[in-house]
file final-v4.txt (compact mmCIF, C-alpha atoms)
# COMPACT_ATOMS: atom_id res chain seq x y z
CA MET A 27 0.15 -25.36 -16.75
CA TYR A 28 -1.81 -24.67 -13.61
CA SER A 29 -2.84 -21.55 -11.78
CA LYS A 30 -1.91 -20.37 -8.35
CA SER A 31 -5.59 -20.30 -7.41
CA LEU A 32 -5.78 -24.09 -7.79
CA VAL A 33 -2.71 -24.56 -5.63
CA PHE A 34 -4.11 -22.38 -2.87
CA THR A 35 -7.48 -24.10 -3.06
CA SER A 36 -5.80 -27.44 -2.44
CA ILE A 37 -3.77 -26.06 0.45
CA LEU A 38 -6.77 -24.39 2.01
CA CYS A 39 -8.94 -27.48 1.77
CA LEU A 40 -6.22 -29.45 3.56
CA THR A 41 -5.87 -26.77 6.21
CA VAL A 42 -9.60 -26.52 6.87
CA SER A 43 -9.87 -30.30 7.19
CA LEU A 44 -7.34 -30.23 10.02
CA ILE A 45 -9.21 -27.65 12.10
CA SER A 46 -10.73 -29.12 15.25
CA CYS A 47 -14.05 -27.81 16.54
CA SER A 48 -15.85 -27.88 19.82
CA SER A 49 -18.82 -30.22 20.03
CA ASP A 50 -21.34 -27.38 20.28
CA GLU A 51 -20.01 -25.34 17.33
CA ILE A 52 -21.59 -25.45 13.88
CA THR A 53 -18.99 -26.79 11.43
CA THR A 54 -20.80 -26.94 8.08
CA ASP A 55 -22.09 -24.26 5.76
CA GLU A 56 -25.25 -26.04 4.64
CA SER A 57 -27.52 -23.77 6.68
CA LEU A 58 -25.89 -20.47 5.68
CA SER A 59 -27.90 -17.88 3.82
CA ILE A 60 -25.33 -16.42 1.41
CA PRO A 61 -26.59 -13.41 -0.58
CA GLU A 62 -25.72 -12.86 -4.21
CA THR A 63 -24.32 -9.44 -3.34
CA TYR A 64 -22.76 -8.08 -0.15
CA GLU A 65 -26.05 -7.06 1.46
CA PHE A 66 -27.04 -8.01 5.00
CA THR A 67 -30.02 -6.71 6.97
CA ARG A 68 -31.59 -6.88 10.40
CA ASN A 69 -35.16 -5.74 10.96
CA ASP A 70 -35.25 -4.64 7.31
CA GLN A 71 -32.31 -2.28 7.86
CA SER A 72 -28.78 -2.71 6.54
CA THR A 73 -26.20 -3.98 8.98
CA VAL A 74 -23.28 -3.14 6.68
CA ASP A 75 -21.09 -0.11 7.36
CA PHE A 76 -17.60 0.57 6.00
CA SER A 77 -17.75 4.35 5.68
CA GLY A 78 -14.36 4.84 7.32
CA GLN A 79 -12.71 2.62 4.74
CA SER A 80 -14.51 4.39 1.89
CA ASN A 81 -13.18 7.69 3.20
CA ARG A 82 -9.60 6.44 3.25
CA LEU A 83 -9.85 5.09 -0.28
CA LEU A 84 -11.14 8.47 -1.43
CA MET A 85 -8.37 10.24 0.48
CA LEU A 86 -5.66 8.26 -1.29
CA THR A 87 -7.42 8.91 -4.59
CA GLU A 88 -7.25 12.65 -3.97
CA MET A 89 -3.58 12.47 -3.00
CA GLY A 90 -2.71 10.67 -6.23
CA ASP A 91 -4.85 13.02 -8.29
CA TYR A 92 -3.26 16.06 -6.67
CA ILE A 93 0.22 15.00 -7.75
CA LYS A 94 -0.99 14.07 -11.25
CA ASN A 95 -2.92 17.31 -11.76
CA GLN A 96 -0.12 19.52 -10.48
CA ALA A 97 2.28 17.81 -12.88
CA ALA A 98 -0.11 18.20 -15.81
CA ALA A 99 -0.53 21.92 -15.07
CA ALA A 100 3.23 22.44 -14.60
CA ASN A 101 2.58 23.54 -11.03
CA MET A 102 4.62 22.82 -7.93
CA VAL A 103 3.58 19.87 -5.81
CA ASP A 104 3.23 21.32 -2.31
CA ILE A 105 4.67 19.08 0.41
CA ASP A 106 2.42 20.68 3.03
CA VAL A 107 -0.69 19.86 1.04
CA LEU A 108 0.28 16.19 0.87
CA ASN A 109 1.26 16.03 4.53
CA ASN A 110 -2.08 17.59 5.45
CA MET A 111 -3.91 15.07 3.30
CA TYR A 112 -1.96 12.19 4.80
CA ALA A 113 -2.88 13.20 8.36
CA ASN A 114 -6.26 14.76 7.41
CA GLN A 115 -5.60 18.16 8.89
CA ASN A 116 -6.15 21.77 7.85
CA ASN A 117 -9.09 20.94 5.56
CA ALA A 118 -6.84 19.53 2.85
CA PHE A 119 -9.50 17.61 0.92
CA SER A 120 -12.04 18.76 -1.63
CA THR A 121 -15.10 17.77 0.39
CA ASN A 122 -16.25 18.63 3.87
CA ASP A 123 -17.23 14.98 4.39
CA LEU A 124 -13.59 13.90 4.13
CA ASN A 125 -12.22 16.84 6.10
CA THR A 126 -14.58 16.22 9.01
CA SER A 127 -14.66 12.42 8.86
CA GLY A 128 -12.20 11.95 11.72
CA LYS A 129 -10.39 9.41 9.55
CA GLN A 130 -6.87 9.58 8.16
CA LEU A 131 -4.40 7.43 6.28
CA LYS A 132 -1.32 8.06 8.39
CA ASP A 133 -2.49 6.42 11.61
CA LYS A 134 -3.54 3.31 9.69
CA THR A 135 -0.22 2.92 7.87
CA ALA A 136 1.66 -0.14 9.12
CA ALA A 137 -0.68 -0.30 12.10
CA SER A 138 -2.28 -3.77 12.11
CA THR A 139 -2.76 -5.76 15.29
CA ASP A 140 -1.02 -8.92 14.06
CA TYR A 141 2.03 -7.30 12.46
CA PHE A 142 2.57 -4.00 14.29
CA VAL A 143 0.96 -4.44 17.70
CA ASN A 144 1.54 -8.12 18.45
CA PHE A 145 4.49 -8.32 15.99
CA ALA A 146 3.47 -11.78 14.74
CA GLY A 147 4.37 -10.78 11.19
CA GLY A 148 7.77 -9.38 12.10
CA GLY A 149 6.73 -5.74 12.31
CA SER A 150 7.89 -3.21 14.88
CA THR A 151 7.24 0.34 15.98
CA LEU A 152 10.55 1.26 14.34
CA GLU A 153 9.40 -0.18 11.02
CA GLN A 154 6.10 1.66 11.36
CA ALA A 155 7.93 4.97 11.75
CA GLU A 156 10.21 4.13 8.82
CA VAL A 157 7.28 3.29 6.54
CA ARG A 158 5.43 6.50 7.34
CA ALA A 159 8.61 8.51 6.82
CA PHE A 160 9.12 6.74 3.49
CA PHE A 161 5.79 8.00 2.21
CA ALA A 162 6.63 11.50 3.41
CA THR A 163 9.80 11.21 1.32
CA GLN A 164 7.62 10.59 -1.73
CA PHE A 165 5.96 13.96 -1.08
CA THR A 166 9.39 15.57 -1.12
CA ASN A 167 10.41 13.69 -4.25
CA ALA A 168 7.25 14.82 -6.05
CA ASN A 169 7.88 18.40 -4.97
CA THR A 170 11.48 18.34 -6.22
CA ALA A 171 10.53 16.75 -9.53
CA SER A 172 7.68 19.21 -10.09
CA GLN A 173 10.15 22.10 -9.92
CA GLY A 174 12.66 20.52 -12.28
CA SER A 175 12.83 20.47 -16.04
CA ASP A 176 13.29 17.26 -18.00
CA ALA A 177 14.10 14.20 -15.91
CA SER A 178 17.47 12.61 -16.60
CA ALA A 179 19.98 10.35 -14.90
CA ASN A 180 20.37 11.45 -11.28
CA VAL A 181 18.18 14.50 -11.96
CA ALA A 182 14.57 14.72 -10.75
CA GLY A 183 12.13 16.21 -13.19
CA LYS A 184 9.31 15.73 -15.67
CA TYR A 185 8.77 13.22 -18.44
CA LEU A 186 6.09 13.38 -21.13
CA ASP A 187 4.71 9.85 -21.54
CA GLY A 188 2.23 10.16 -24.38
CA THR A 189 -0.21 12.76 -23.08
CA SER A 190 0.68 12.17 -19.43
CA VAL A 191 3.23 14.28 -17.57
CA ARG A 192 5.01 12.06 -15.10
CA LEU A 193 7.28 13.16 -12.27
CA PHE A 194 10.43 11.13 -11.66
CA ALA A 195 12.74 11.25 -8.66
CA ALA A 196 16.47 11.37 -9.33
CA ASN A 197 16.67 7.55 -9.33
CA GLY A 198 13.87 7.24 -11.91
CA LEU A 199 11.10 6.12 -9.55
CA GLU A 200 7.73 7.83 -9.91
CA PRO A 201 6.61 9.18 -6.48
CA GLN A 202 2.91 9.12 -7.33
CA GLN A 203 2.97 5.42 -8.19
CA ILE A 204 5.10 4.54 -5.18
CA LEU A 205 2.59 6.34 -2.98
CA LEU A 206 -0.50 4.71 -4.51
CA LYS A 207 0.72 1.12 -4.76
CA GLY A 208 2.76 1.33 -1.57
CA MET A 209 -0.22 2.58 0.45
CA MET A 210 -2.40 -0.15 -1.02
CA GLY A 211 -0.07 -2.48 0.84
CA ALA A 212 1.05 -0.62 3.94
CA CYS A 213 -2.43 0.63 4.76
CA PHE A 214 -5.17 -1.26 2.91
CA MET A 215 -3.67 -4.77 2.67
CA ASP A 216 -2.24 -4.59 6.17
CA GLN A 217 -5.57 -3.57 7.66
CA ILE A 218 -7.54 -6.18 5.73
CA VAL A 219 -5.54 -9.33 6.39
CA ASN A 220 -3.56 -8.49 9.52
CA ASN A 221 -6.15 -6.51 11.42
CA TYR A 222 -9.84 -6.85 10.57
CA LEU A 223 -9.57 -10.47 9.42
CA SER A 224 -7.32 -11.40 12.31
CA THR A 225 -9.05 -13.81 14.68
CA THR A 226 -7.26 -11.96 17.46
CA VAL A 227 -9.25 -8.86 16.51
CA LEU A 228 -12.51 -10.58 15.52
CA ASP A 229 -12.66 -12.61 18.74
CA GLU A 230 -11.20 -9.99 21.08
CA GLY A 231 -12.80 -9.65 24.49
CA SER A 232 -16.51 -10.41 24.41
CA ASN A 233 -16.87 -10.12 20.61
CA LYS A 234 -17.69 -13.79 20.05
CA ILE A 235 -20.16 -14.00 22.95
CA ASN A 236 -21.85 -10.77 21.92
CA ASN A 237 -22.07 -11.88 18.31
CA SER A 238 -23.50 -15.26 19.23
CA ASN A 239 -26.15 -13.52 21.35
CA LYS A 240 -26.64 -10.72 18.78
CA ILE A 241 -25.79 -7.97 21.21
CA LEU A 242 -25.48 -4.91 18.98
CA GLU A 243 -23.06 -2.02 19.25
CA SER A 244 -24.50 1.07 20.90
CA ASN A 245 -26.95 2.85 18.59
CA LYS A 246 -25.95 0.59 15.71
CA ASN A 247 -27.63 -2.21 13.81
CA TYR A 248 -24.64 -4.55 13.81
CA THR A 249 -22.53 -6.58 16.19
CA LYS A 250 -18.90 -5.67 16.67
CA MET A 251 -17.77 -8.77 14.76
CA GLU A 252 -20.08 -8.02 11.84
CA HIS A 253 -18.68 -4.51 11.64
CA LEU A 254 -15.06 -5.64 11.76
CA TRP A 255 -15.68 -7.98 8.83
CA ASP A 256 -17.38 -5.16 6.91
CA GLU A 257 -14.36 -2.93 7.49
CA ALA A 258 -12.09 -5.51 5.88
CA TYR A 259 -14.51 -5.69 2.94
CA GLY A 260 -14.55 -1.90 2.69
CA TYR A 261 -10.81 -1.67 2.12
CA VAL A 262 -11.32 -3.67 -1.07
CA TYR A 263 -14.68 -2.48 -2.36
CA GLY A 264 -15.46 0.68 -0.40
CA ALA A 265 -14.82 3.30 -3.07
CA GLY A 266 -17.10 1.90 -5.74
CA GLY A 267 -16.30 1.99 -9.43
CA GLY A 268 -13.33 -0.36 -9.17
CA LYS A 269 -10.46 1.39 -7.39
CA PHE A 270 -7.23 0.11 -5.88
CA TRP A 271 -7.46 -3.59 -4.90
CA ASP A 272 -10.89 -3.95 -6.51
CA SER A 273 -9.46 -2.75 -9.82
CA TYR A 274 -6.40 -5.00 -9.73
CA ILE A 275 -8.41 -8.05 -8.66
CA ASN A 276 -10.45 -7.49 -11.82
CA GLN A 277 -7.31 -7.15 -13.93
CA VAL A 278 -5.78 -10.34 -12.53
CA SER A 279 -9.03 -12.23 -13.02
CA ALA A 280 -9.16 -11.18 -16.67
CA ASP A 281 -6.45 -13.76 -17.26
CA ALA A 282 -7.53 -17.36 -17.81
CA ASP A 283 -4.84 -18.64 -15.44
CA PHE A 284 -6.26 -16.62 -12.54
CA TYR A 285 -9.90 -16.24 -13.55
CA LYS A 286 -11.25 -17.51 -10.21
CA VAL A 287 -9.45 -14.99 -8.01
CA LYS A 288 -12.23 -12.40 -8.23
CA GLN A 289 -15.13 -14.76 -7.67
CA ASP A 290 -13.35 -16.61 -4.87
CA ILE A 291 -12.57 -13.41 -2.94
CA GLU A 292 -16.08 -12.03 -3.38
CA LEU A 293 -17.70 -15.32 -2.36
CA ALA A 294 -15.43 -15.69 0.66
CA PHE A 295 -16.35 -12.21 1.89
CA ARG A 296 -20.09 -12.94 1.51
CA LYS A 297 -19.84 -16.44 2.94
CA GLY A 298 -17.73 -15.33 5.89
CA ARG A 299 -20.17 -12.55 6.73
CA ALA A 300 -23.08 -14.98 6.49
CA ALA A 301 -21.20 -17.35 8.77
CA ILE A 302 -20.82 -14.59 11.35
CA VAL A 303 -24.57 -13.99 11.26
CA ALA A 304 -25.09 -17.74 11.76
CA ASN A 305 -22.48 -17.98 14.57
CA ASN A 306 -20.54 -20.41 12.39
CA TYR A 307 -16.95 -19.54 13.27
CA THR A 308 -15.38 -22.57 11.62
CA VAL A 309 -16.72 -21.54 8.23
CA ARG A 310 -15.82 -17.91 8.97
CA ASP A 311 -12.21 -18.87 9.63
CA ALA A 312 -12.05 -20.94 6.45
CA GLN A 313 -13.11 -17.86 4.47
CA ILE A 314 -10.41 -15.79 6.15
CA LYS A 315 -7.81 -18.22 4.84
CA ILE A 316 -9.23 -18.01 1.32
CA ILE A 317 -9.26 -14.21 1.31
CA LYS A 318 -5.70 -13.99 2.65
CA ALA A 319 -4.32 -16.44 0.10
CA LYS A 320 -6.18 -15.10 -2.92
CA LEU A 321 -5.65 -11.43 -2.13
CA ALA A 322 -1.91 -12.01 -1.68
CA LEU A 323 -1.75 -13.25 -5.26
CA VAL A 324 -2.79 -9.87 -6.64
CA PRO A 325 0.30 -7.76 -5.79
CA ALA A 326 2.56 -10.68 -6.66
CA ILE A 327 1.06 -11.15 -10.11
CA ARG A 328 1.00 -7.44 -10.84
CA ALA A 329 4.58 -6.98 -9.63
CA VAL A 330 5.78 -9.64 -12.04
CA TYR A 331 3.64 -8.21 -14.83
CA TYR A 332 5.08 -4.71 -14.42
CA LEU A 333 8.66 -5.92 -14.06
CA LYS A 334 8.35 -7.63 -17.43
CA GLU A 335 6.49 -4.73 -19.00
CA GLY A 336 9.21 -2.41 -17.78
CA LYS A 337 11.93 -4.58 -19.25
CA GLY A 338 10.19 -4.52 -22.61
CA LYS A 339 10.28 -0.71 -22.63
CA LEU A 340 13.88 -0.19 -21.54
CA ILE A 341 14.96 0.49 -25.13
CA THR A 342 12.65 3.53 -25.39
CA ASP A 343 13.75 7.06 -24.43
CA ASN A 344 16.91 5.84 -22.68
CA GLY A 345 14.71 3.69 -20.47
CA ALA A 346 12.38 6.45 -19.27
CA LYS A 347 9.37 4.89 -20.96
CA ALA A 348 9.81 1.93 -18.62
CA PHE A 349 9.92 3.87 -15.36
CA HIS A 350 6.16 4.11 -14.88
CA ALA A 351 5.77 0.33 -15.08
CA LEU A 352 8.83 -0.30 -12.90
CA SER A 353 7.51 2.15 -10.31
CA GLU A 354 4.23 0.26 -10.21
CA ALA A 355 6.22 -2.95 -9.77
CA TYR A 356 8.17 -1.32 -6.93
CA GLY A 357 4.97 -0.36 -5.13
CA PHE A 358 3.40 -3.80 -5.54
CA ILE A 359 6.58 -5.47 -4.27
CA MET A 360 6.30 -3.23 -1.21
CA ALA A 361 2.73 -4.45 -0.78
CA ILE A 362 3.84 -8.10 -0.65
CA ARG A 363 5.45 -7.41 2.71
CA TYR A 364 1.93 -6.88 4.15
CA THR A 365 0.38 -10.08 2.78
CA ASN A 366 -0.51 -12.87 5.16
CA ASN A 367 0.11 -16.53 4.43
CA PRO A 368 -2.80 -18.31 6.17
CA ILE A 369 -0.60 -21.31 6.87
CA THR A 370 2.06 -19.35 8.75
CA ASN A 371 0.28 -16.08 9.69
CA ALA A 372 3.35 -14.30 8.31
CA PRO A 373 4.03 -12.46 5.03
CA TYR A 374 4.87 -14.47 1.92
CA PHE A 375 8.07 -12.39 1.73
CA SER A 376 9.55 -11.01 4.93
CA LYS A 377 10.42 -7.35 5.37
CA ASN A 378 14.10 -8.14 4.78
CA GLU A 379 13.35 -10.18 1.66
CA VAL A 380 11.18 -7.41 0.21
CA ASN A 381 13.81 -4.79 0.99
CA ALA A 382 16.45 -6.92 -0.73
CA ILE A 383 14.35 -7.10 -3.91
CA LEU A 384 13.67 -3.35 -3.87
CA THR A 385 17.33 -2.59 -3.26
CA GLU A 386 18.37 -4.81 -6.14
CA LEU A 387 15.82 -3.18 -8.43
CA THR A 388 17.34 0.27 -7.91
CA ALA A 389 20.99 -0.70 -7.30
CA GLY A 390 22.27 0.36 -10.73
CA ASN A 391 24.16 3.58 -11.31
CA ASN A 392 21.57 6.36 -10.95
CA GLY A 393 18.88 3.81 -10.10
CA LEU A 394 16.50 2.90 -12.92
CA TRP A 395 18.52 4.94 -15.40
CA ASP A 396 21.08 2.14 -15.53
CA VAL A 397 19.36 0.22 -18.32
CA ASP A 398 22.21 -2.23 -18.82
CA TYR A 399 22.03 -3.22 -15.14
CA LEU A 400 18.24 -3.65 -15.22
CA ASN A 401 18.46 -5.87 -18.29
CA THR A 402 20.45 -8.37 -16.22
CA LYS A 403 18.18 -8.24 -13.15
CA LEU A 404 14.51 -7.87 -14.04
CA ASP A 405 13.95 -11.44 -15.22
CA ASP A 406 15.51 -12.86 -12.07
CA LEU A 407 13.46 -10.61 -9.80
CA ALA A 408 10.26 -11.58 -11.59
CA THR A 409 11.12 -15.27 -11.28
CA THR A 410 11.89 -14.91 -7.58
CA ILE A 411 8.42 -13.52 -6.89
CA ALA A 412 6.55 -15.90 -9.17
CA THR A 413 8.32 -18.95 -7.75
CA ARG A 414 7.44 -18.07 -4.15
CA PHE A 415 3.77 -17.84 -5.12
CA ASP A 416 3.95 -20.93 -7.34
CA PHE A 417 2.87 -19.39 -10.63
CA THR A 418 5.01 -18.76 -13.71
CA VAL A 419 6.29 -15.48 -15.08
CA GLU A 420 4.56 -16.34 -18.35
CA GLN A 421 1.22 -16.69 -16.61
CA ALA A 422 1.54 -13.24 -15.05
CA GLN A 423 2.50 -11.65 -18.36
CA THR A 424 -0.75 -12.65 -20.01
CA VAL A 425 -2.76 -10.52 -17.57
CA ASN A 426 -4.28 -7.46 -19.24

call {"tool": "encode", "arguments": {"input": "final-v4.txt", "output": "structure tokens"}}
result
Amino acid sequence: MYSKSLVFTSILCLTVSLISCSSDEITTDESLSIPETYEFTRNDQSTVDFSGQSNRLLMLTEMGDYIKNQAAAANMVDIDVLNNMYANQNNAFSTNDLNTSGKQLKDKTAASTDYFVNFAGGGSTLEQAEVRAFFATQFTNANTASQGSDASANVAGKYLDGTSVRLFAANGLEPQQILLKGMMGACFMDQIVNNYLSTTVLDEGSNKINNSNKILESNKNYTKMEHLWDEAYGYVYGAGGGKFWDSYINQVSADADFYKVKQDIELAFRKGRAAIVANNYTVRDAQIKIIKAKLALVPAIRAVYYLKEGKGKLITDNGAKAFHALSEAYGFIMAIRYTNNPITNAPYFSKNEVNAILTELTAGNNGLWDVDYLNTKLDDLATTIATRFDFTVEQAQTVN
């Protein structure tokens, strides 16, 4: 048995060895000063800033908490509140810092340079509009479910899962989980690997010249390239306390088969940032490949894990006990569309392939409520994902 991390390491080493370099470019990492933590300074002042990313992570946290808290209190989920949070308008958040930040989630949803501006990853302006409308539909689904009674086949409503009140749409999907996991992909993942870690973005215009000459941004203590790298880092680690991708990287790395994922991603971020400081763009680009490959593993592993967990719970409460896990799987499968294979600069599963999996997952009569249908499909869907990423379903199941 071998882990996906080992496979990617082999591929990446081969890829890096094939990269050609100009004669005047540093190509080794022997001279890099790589800190133990993500801390970089100039003139004894920090050069790291990812406040915009921290704000967006906190915004999504508040959106998820709003739905959860309204459900727990048996209150209606207000569509306008969620729309205002999504676009950061009308002082929708709990803090003035978020309300006045000038940041929002909506304009960063399906908005990366590589996939949705240059269309290298198969994106389009039409897809962008569809994705944003899809999340707005989750607001409506949460609203409808919050005003219903007990959820049942083809009926939106509430379900008491232990001490948690969950809201289910008519097809059994949980809007809150679709929003959280889906946005982790359509916003956070997309921005990390297809925007801020895109060499098109990092090297745009005079960025490389200015970085090499340490020409700082106006009234800032960092170069444009340094800041772009920090923004990618912020979408993973910017909220503190282990939220979103940070949390799931930890969960994946708790498994012996994938134990290196966490340390490899963290090291690549630190090493790549150090390479930028040292004007070592060959090493920087090698770290980009590592981050893209290792980060893509996380939604794939968790999707397989939750598909199998969901199958194991189908016999409980006419299947309803499984819907939380299957909704998490649905959201993580969505996120795979926004991954970036460093070999191809395209997603590991195309938009059409992801949509086909999601359609198959909910194609039973009344969606997830068709337990007999799901029993015949979940294993195959899990295998399809695991096979593409070259790990086994069994490996993913052992993750805590």

call {"tool": "closest_residue", "arguments": {"input": "final-v4.txt", "among": "A:Asp104, A:Asp272, A:Glu88, A:Glu243", "to": "Phe214 in chain A", "atoms": "only C-alpha atoms"}}
result
A:Asp272

call {"tool": "atom_distance", "arguments": {"input": "final-v4.txt", "atom1": "CA of Ile235 in chain A", "atom2": "CA of Lys129 in chain A"}}
result
28.7 Å

call {"tool": "closest_residue", "arguments": {"input": "final-v4.txt", "among": "A:Ala146, A:Leu242, A:Ala168, A:Leu254", "to": "Ile105 in chain A", "atoms": "only C-alpha atoms"}}
result
A:Ala168

call {"tool": "closest_residue", "arguments": {"input": "final-v4.txt", "among": "A:Gly338, A:Gly393, A:Gly357, A:Gly149", "to": "Pro201 in chain A", "atoms": "all atoms listed in the file"}}
result
A:Gly357

call {"tool": "atom_distance", "arguments": {"input": "final-v4.txt", "atom1": "CA of Arg68 in chain A", "atom2": "CA of Ala300 in chain A"}}
result
12.4 Å

call {"tool": "closest_residue", "arguments": {"input": "final-v4.txt", "among": "A:Lys320, A:Lys377, A:Lys403, A:Arg414", "to": "Gln154 in chain A", "atoms": "all atoms listed in the file"}}
result
A:Lys377

call {"tool": "closest_residue", "arguments": {"input": "final-v4.txt", "among": "A:Leu124, A:Ala280, A:Ile362, A:Ala422", "to": "Ile327 in chain A", "atoms": "all atoms listed in the file"}}
result
A:Ala422

call {"tool": "closest_residue", "arguments": {"input": "final-v4.txt", "among": "A:Val303, A:Phe349, A:Gly147, A:Gln202", "to": "Ala372 in chain A", "atoms": "all atoms listed in the file"}}
result
A:Gly147

call {"tool": "residues_near_point", "arguments": {"input": "final-v4.txt", "point": "(10.9, 5.0, -21.7)", "cutoff": "12 Å", "atoms": "only C-alpha atoms", "output": "number ranges by chain"}}
result
A: 177-178, 185-188, 192, 194, 198, 335-352, 394-395, 397

call {"tool": "atom_distance", "arguments": {"input": "final-v4.txt", "atom1": "CA of Phe284 in chain A", "atom2": "CA of Arg296 in chain A"}}
result
20.1 Å

call {"tool": "residues_near_point", "arguments": {"input": "final-v4.txt", "point": "(2.0, -5.1, -1.9)", "cutoff": "7 Å", "atoms": "all atoms listed in the file", "output": "list in words"}}
result
Lys207, Gly208, Met210, Gly211, Pro325, Gly357, Phe358, Ile359, Met360, Ala361, Ile362, Arg363 and Tyr364 of chain A

call {"tool": "residues_around", "arguments": {"input": "final-v4.txt", "residues": "Ile314 in chain A", "least_positions_apart": "2", "cutoff": "9 Å", "atoms": "all atoms listed in the file", "output": "number ranges by chain"}}
result
A: 219, 223-225, 294-295, 298, 309-312, 316-319, 368
